[in-house]
Amino acid sequence: MELANTLSQDGESRGGVLAHLERLETQVSRSRKKMEEPQSAPAVESALGTRIHELKRLRDKLRAEVKQRQASVKASTTNVEPDQTLEITEQEILKRKRENVKAILQAYRFTGISGKLTSRGVCVCISTAFEGNLLDSYFVDLVMQKPLQIHHHSIPVFIPLEEISAKYLQTNIQHFLFTLCEYLNAYSGRKYQADRLQSDSEAFLAGPLQRNSLCNLLSFTYKAEPEGQSFPFCARLLYKDLTTTLPTDVTVTYQGTDALSTTREEQRAAHENLFFTKPLHQVFTSFARKGDKLDMSLVS
Amino acid sequence: MDETVSEFFRRTILKIPLTEMMTILKTWNFLSENQLQTVNFRQRKESLVQDLVLLCEENHASLNDAALLDIIYTQFHRHQKVWDVFQMSKGPGEDTDLFDMEQFKSSFKKILKRALKNVTVSFRDAEENAVWIRIAWGTQYRKPNQYKPAYVVYYSQTPYAFTSSSQLKSNLPLLGQALTIASKHHQIVKMDLRSRYLDSLKAIVFKQYNQTFETHNSTTPLQERSLELDINMDSRIIHENKTEKERVQRVTQEIFGDYPQPRLEFAQYKLETKFKSDLNGGILAEREEPLRCLVKFSSPHLLEALKSLAPAGIADAPLSPLLTCIPNKGMNYFKIRDK
């Protein structure tokens, strides 16, 4: 049994070996037969010789083809150069077009509302301005989802962004952006007027300018003529409408104890009216101009 | 000058480090340049303080002047206090907030003085239309304790106020009331947010911590973070790690952004949940009562540490939303219960 097993296990290999031996045997017998036949050496030689010629011919043919191809490639490369220069100018044209479009996109800032697509939605830029002066820009990064969400923003905390988004963000995004734009432009404008008053018209102010975050309540003491004998007036400007840059309430009071003369009373009323109708810093520049006029009259 | 006031001056000036002495005194602007020049700032601190107190006496300095100096010192050393955040709310359909700083200050002071006869209230205006308020509490029968004051920082026309954790907790409701009424709000609520870093708290509640925006005007493209890889490693291993590392970087960047994180020192989670286990049985799994435990994460800069967890390979990305929601929700104290 064991022998049979070994046979069956190595059966294939043994069978293989046996078969191989058989083949070798037949080969030997065949070659012996061939050797017995007289073979003419010259016949073999001539067969080989023709073979060599054929191969040489094939080789030369292939060599010639290669040379031809190389020559044609060289020729084609010299022909390609003028095409390449054409491509370059096309590239330049496209480049210039792209830069042009980029510049237009950048210039959109000046329209007040511009935006750029982001990976999650759009980043809207609200650029504020007042009297032709470009002021701060504010951003709102929106995520295009249902519901629409604000990812992050640079709107100051005292602007009622939550109120405005609760009203309009989901229903009418255009209205949302325009309302936000209104609030921000008005805030920027009021801030600009207050800043200009503080920096340019320091000479007219008798004390510090009192203001708040929204710049919607301004309180200050001033003199219409800085060096003159005029009395100091107290002005209190309220901007109840957060979308405007002119005050809704103006009170100008006199700080002294004695009663106001009629001219002073007229001046007080006139100033109140001025604050209502003109931007704050312009009121003070007009005071300065009146002062200049007075000087001129003194000189002449 | 009253002896208590003199002592208050001495103790306040003594607190100031010598390196900051000149800057703080100049900010205080109570002693003139000439007076400051007569003082020898190189002498021993105790003698310097004595000289300065004498100068204050010459100028008839009042308690309020001392309080102002204390405010300035605290503004320079705001990290020495732990700050809480309160949120106020108005009723619906309120008129436009016409905030008058002077009105606010007088109203605030009046409310406190009406309730507590013995209280010192001082104000100092700060940038961005904010005000720093210092309150020294007393009682019906005792004068205010100047050495344990409470501070409130309020930005006008915002619903948030920042208060230094007062040791005298009983006065907190009164403080809240005064703030609410003076700023024309209706309600005040304490937020679950606390830190030493006042500026970070402000950045969190005012939502100012992420200020990078994509515009057409920015010329620098969004920079790709280059991964630092060990070049000696087998090239096949690098590729496999690279894709995962890139994914982790991308997810981290999506959640935490590219901006510097606001600074917090801890996040605290109070758990009251039933124990959930995959294994059947076990003692804890059979409890009906919720498990109570407290988990606290501390760090010199918690959010930056959390941001670096996944890239360092210590945690999986994305991190748990309980950790990543901290600046967004404005909370670093959480109570987690079963739904």
# chains A, B, ... in the order shown; residues from 1 in each chain; ligands from 1
call {"tool": "residues_around", "arguments": {"residues": "Asn29 in chain B", "least_positions_apart": "6", "cutoff": "12 Å", "atoms": "only C-alpha atoms", "output": "PyMOL selection string"}}
result
chain B and resi 22-23+35-36+56+65-66+68-69+72
call {"tool": "residues_around", "arguments": {"residues": "Asp258 in chain B", "least_positions_apart": "5", "cutoff": "9 Å", "atoms": "only C-alpha atoms", "output": "ChimeraX atom specification"}}
result
/B:210,212,253
call {"tool": "write_last_selection", "arguments": {"atoms": "C-alpha atoms", "output": "PDB file, in the first residue's frame"}}
result
ATOM      1  CA  ASN B 210     -12.477  84.319  12.777  1.00  0.00           C
ATOM      2  CA  THR B 212     -10.266  85.752   7.521  1.00  0.00           C
ATOM      3  CA  GLN B 253      -8.739  73.087   9.094  1.00  0.00           C
TER       4      GLN B 253
END
call {"tool": "select_by_dssp", "arguments": {"residues": "range 214-285 of chain A", "states": "strand (DSSP E or B)", "output": "list in words"}}
result
Leu217, Leu218, Ser219, Phe220, Thr221, Tyr222, Phe233, Cys234, Ala235, Arg236, Leu237, Leu238, Asp249, Val250, Thr251, Val252, Thr253 and Tyr254 of chain A
call {"tool": "write_last_selection", "arguments": {"atoms": "N, CA, C and O atoms", "output": "compact mmCIF listing (two decimals), in the first residue's frame"}}
result
# COMPACT_ATOMS: atom_id res chain seq x y z
N LEU A 217 -25.78 108.78 19.42
CA LEU A 217 -26.02 109.82 20.40
C LEU A 217 -24.71 110.57 20.58
O LEU A 217 -23.73 110.01 21.05
N LEU A 218 -24.70 111.83 20.17
CA LEU A 218 -23.49 112.63 20.29
C LEU A 218 -23.80 113.85 21.15
O LEU A 218 -24.83 114.50 20.97
N SER A 219 -22.90 114.11 22.06
CA SER A 219 -23.12 115.22 22.98
C SER A 219 -21.82 115.99 23.12
O SER A 219 -20.77 115.38 23.37
N PHE A 220 -21.87 117.31 22.93
CA PHE A 220 -20.63 118.07 23.02
C PHE A 220 -20.91 119.54 23.32
O PHE A 220 -22.02 120.03 23.09
N THR A 221 -19.91 120.20 23.82
CA THR A 221 -19.97 121.64 24.08
C THR A 221 -19.05 122.32 23.10
O THR A 221 -17.90 121.90 22.91
N TYR A 222 -19.54 123.38 22.47
CA TYR A 222 -18.73 124.00 21.42
C TYR A 222 -18.91 125.52 21.40
O TYR A 222 -19.84 126.08 21.99
N PHE A 233 -22.08 126.68 23.53
CA PHE A 233 -23.37 126.01 23.38
C PHE A 233 -23.20 124.54 23.66
O PHE A 233 -22.13 123.97 23.43
N CYS A 234 -24.28 123.92 24.15
CA CYS A 234 -24.29 122.47 24.34
C CYS A 234 -25.17 121.86 23.27
O CYS A 234 -26.32 122.25 23.14
N ALA A 235 -24.63 120.91 22.54
CA ALA A 235 -25.44 120.27 21.50
C ALA A 235 -25.62 118.82 21.83
O ALA A 235 -24.71 118.16 22.35
N ARG A 236 -26.81 118.32 21.56
CA ARG A 236 -27.12 116.91 21.81
C ARG A 236 -27.84 116.40 20.57
O ARG A 236 -28.94 116.86 20.24
N LEU A 237 -27.20 115.49 19.86
CA LEU A 237 -27.74 114.97 18.61
C LEU A 237 -28.14 113.52 18.79
O LEU A 237 -27.34 112.70 19.26
N LEU A 238 -29.41 113.22 18.45
CA LEU A 238 -29.90 111.85 18.53
C LEU A 238 -30.23 111.36 17.13
O LEU A 238 -30.86 112.06 16.35
N ASP A 249 -33.16 114.09 16.17
CA ASP A 249 -33.45 115.05 17.24
C ASP A 249 -32.21 115.90 17.50
O ASP A 249 -31.12 115.35 17.62
N VAL A 250 -32.40 117.20 17.57
CA VAL A 250 -31.27 118.09 17.88
C VAL A 250 -31.70 119.05 18.97
O VAL A 250 -32.76 119.66 18.89
N THR A 251 -30.88 119.16 20.00
CA THR A 251 -31.14 120.17 21.03
C THR A 251 -29.86 120.96 21.24
O THR A 251 -28.82 120.37 21.54
N VAL A 252 -29.96 122.27 21.04
CA VAL A 252 -28.82 123.15 21.33
C VAL A 252 -29.22 124.03 22.49
O VAL A 252 -30.24 124.72 22.45
N THR A 253 -28.44 123.94 23.54
CA THR A 253 -28.78 124.75 24.72
C THR A 253 -27.62 125.66 25.08
O THR A 253 -26.47 125.44 24.68
N TYR A 254 -27.97 126.64 25.86
CA TYR A 254 -26.96 127.62 26.26
C TYR A 254 -26.52 127.30 27.67
O TYR A 254 -27.32 126.97 28.53
call {"tool": "closest_residue", "arguments": {"among": "B:Met101, B:Leu172, B:Val85, B:Ala67", "to": "Asn216 in chain A", "atoms": "only C-alpha atoms"}}
result
B:Met101
call {"tool": "interface_residues", "arguments": {"of": "chain A", "to": "chain B", "cutoff": "9 Å", "atoms": "only C-alpha atoms", "output": "PyMOL selection string"}}
result
chain A and resi 102-103+105-107+114-118+122-125+139-141+152-159+210-214+216-219+238-242
call {"tool": "atom_distance", "arguments": {"atom1": "CA of Ala270 in chain A", "atom2": "CA of Arg190 in chain A"}}
result
21.5 Å
call {"tool": "decode", "arguments": {"residues": "range 82-154 of chain A", "atoms": "C-alpha atoms", "output": "compact mmCIF listing (two decimals), in the first residue's frame"}}
result
# COMPACT_ATOMS: atom_id res chain seq x y z
CA PRO A 82 6.03 79.38 -36.36
CA ASP A 83 2.94 77.54 -34.98
CA GLN A 84 4.33 77.80 -31.48
CA THR A 85 4.75 81.55 -31.69
CA LEU A 86 1.12 81.78 -32.71
CA GLU A 87 0.23 79.80 -29.60
CA ILE A 88 2.25 82.19 -27.45
CA THR A 89 0.38 85.21 -28.59
CA GLU A 90 -2.90 83.38 -28.01
CA GLN A 91 -1.71 82.67 -24.50
CA GLU A 92 -0.90 86.30 -23.98
CA ILE A 93 -4.32 87.34 -25.15
CA LEU A 94 -6.00 84.93 -22.77
CA LYS A 95 -3.76 86.07 -19.94
CA ARG A 96 -4.68 89.67 -20.52
CA LYS A 97 -8.36 88.80 -20.69
CA ARG A 98 -8.09 86.92 -17.40
CA GLU A 99 -6.35 89.83 -15.71
CA ASN A 100 -9.00 92.14 -17.04
CA VAL A 101 -11.79 90.02 -15.60
CA LYS A 102 -9.93 89.79 -12.31
CA ALA A 103 -9.59 93.56 -12.18
CA ILE A 104 -13.30 93.98 -12.87
CA LEU A 105 -14.11 91.55 -10.07
CA GLN A 106 -11.86 93.50 -7.73
CA ALA A 107 -13.42 96.76 -8.78
CA TYR A 108 -16.89 95.47 -7.93
CA ARG A 109 -16.06 96.51 -4.40
CA PHE A 110 -16.89 100.06 -5.37
CA THR A 111 -20.50 99.18 -6.08
CA GLY A 112 -20.99 98.60 -2.36
CA ILE A 113 -21.94 94.94 -2.43
CA SER A 114 -19.64 92.36 -3.98
CA GLY A 115 -18.98 88.71 -3.39
CA LYS A 116 -16.75 85.77 -4.07
CA LEU A 117 -17.77 82.16 -4.35
CA THR A 118 -16.26 79.95 -1.66
CA SER A 119 -16.11 76.20 -1.25
CA ARG A 120 -19.20 76.25 0.96
CA GLY A 121 -21.15 79.19 -0.48
CA VAL A 122 -20.38 82.82 -0.95
CA CYS A 123 -18.49 85.50 0.95
CA VAL A 124 -20.29 88.82 0.59
CA CYS A 125 -18.35 92.06 1.03
CA ILE A 126 -20.24 95.22 1.96
CA SER A 127 -18.07 98.27 1.33
CA THR A 128 -19.33 101.40 3.00
CA ALA A 129 -18.86 104.96 1.85
CA PHE A 130 -19.89 108.45 2.84
CA GLU A 131 -19.70 111.59 0.71
CA GLY A 132 -17.54 109.85 -1.83
CA ASN A 133 -15.06 108.56 0.74
CA LEU A 134 -14.55 104.82 0.80
CA LEU A 135 -14.80 103.63 4.39
CA ASP A 136 -14.64 100.24 6.13
CA SER A 137 -15.64 96.97 4.49
CA TYR A 138 -17.63 94.30 6.29
CA PHE A 139 -17.95 90.64 5.38
CA VAL A 140 -20.64 88.00 5.68
CA ASP A 141 -19.65 84.43 4.84
CA LEU A 142 -22.75 82.48 3.86
CA VAL A 143 -23.13 78.71 3.72
CA MET A 144 -25.41 77.50 0.94
CA GLN A 145 -27.58 75.08 2.85
CA LYS A 146 -31.21 74.71 3.70
CA PRO A 147 -31.61 76.73 5.88
CA LEU A 148 -29.16 79.39 4.75
CA GLN A 149 -26.60 80.04 7.47
CA ILE A 150 -24.02 82.65 8.29
CA HIS A 151 -20.72 80.88 8.86
CA HIS A 152 -18.83 83.87 10.22
CA HIS A 153 -18.84 87.62 9.72
CA SER A 154 -17.15 90.87 10.63
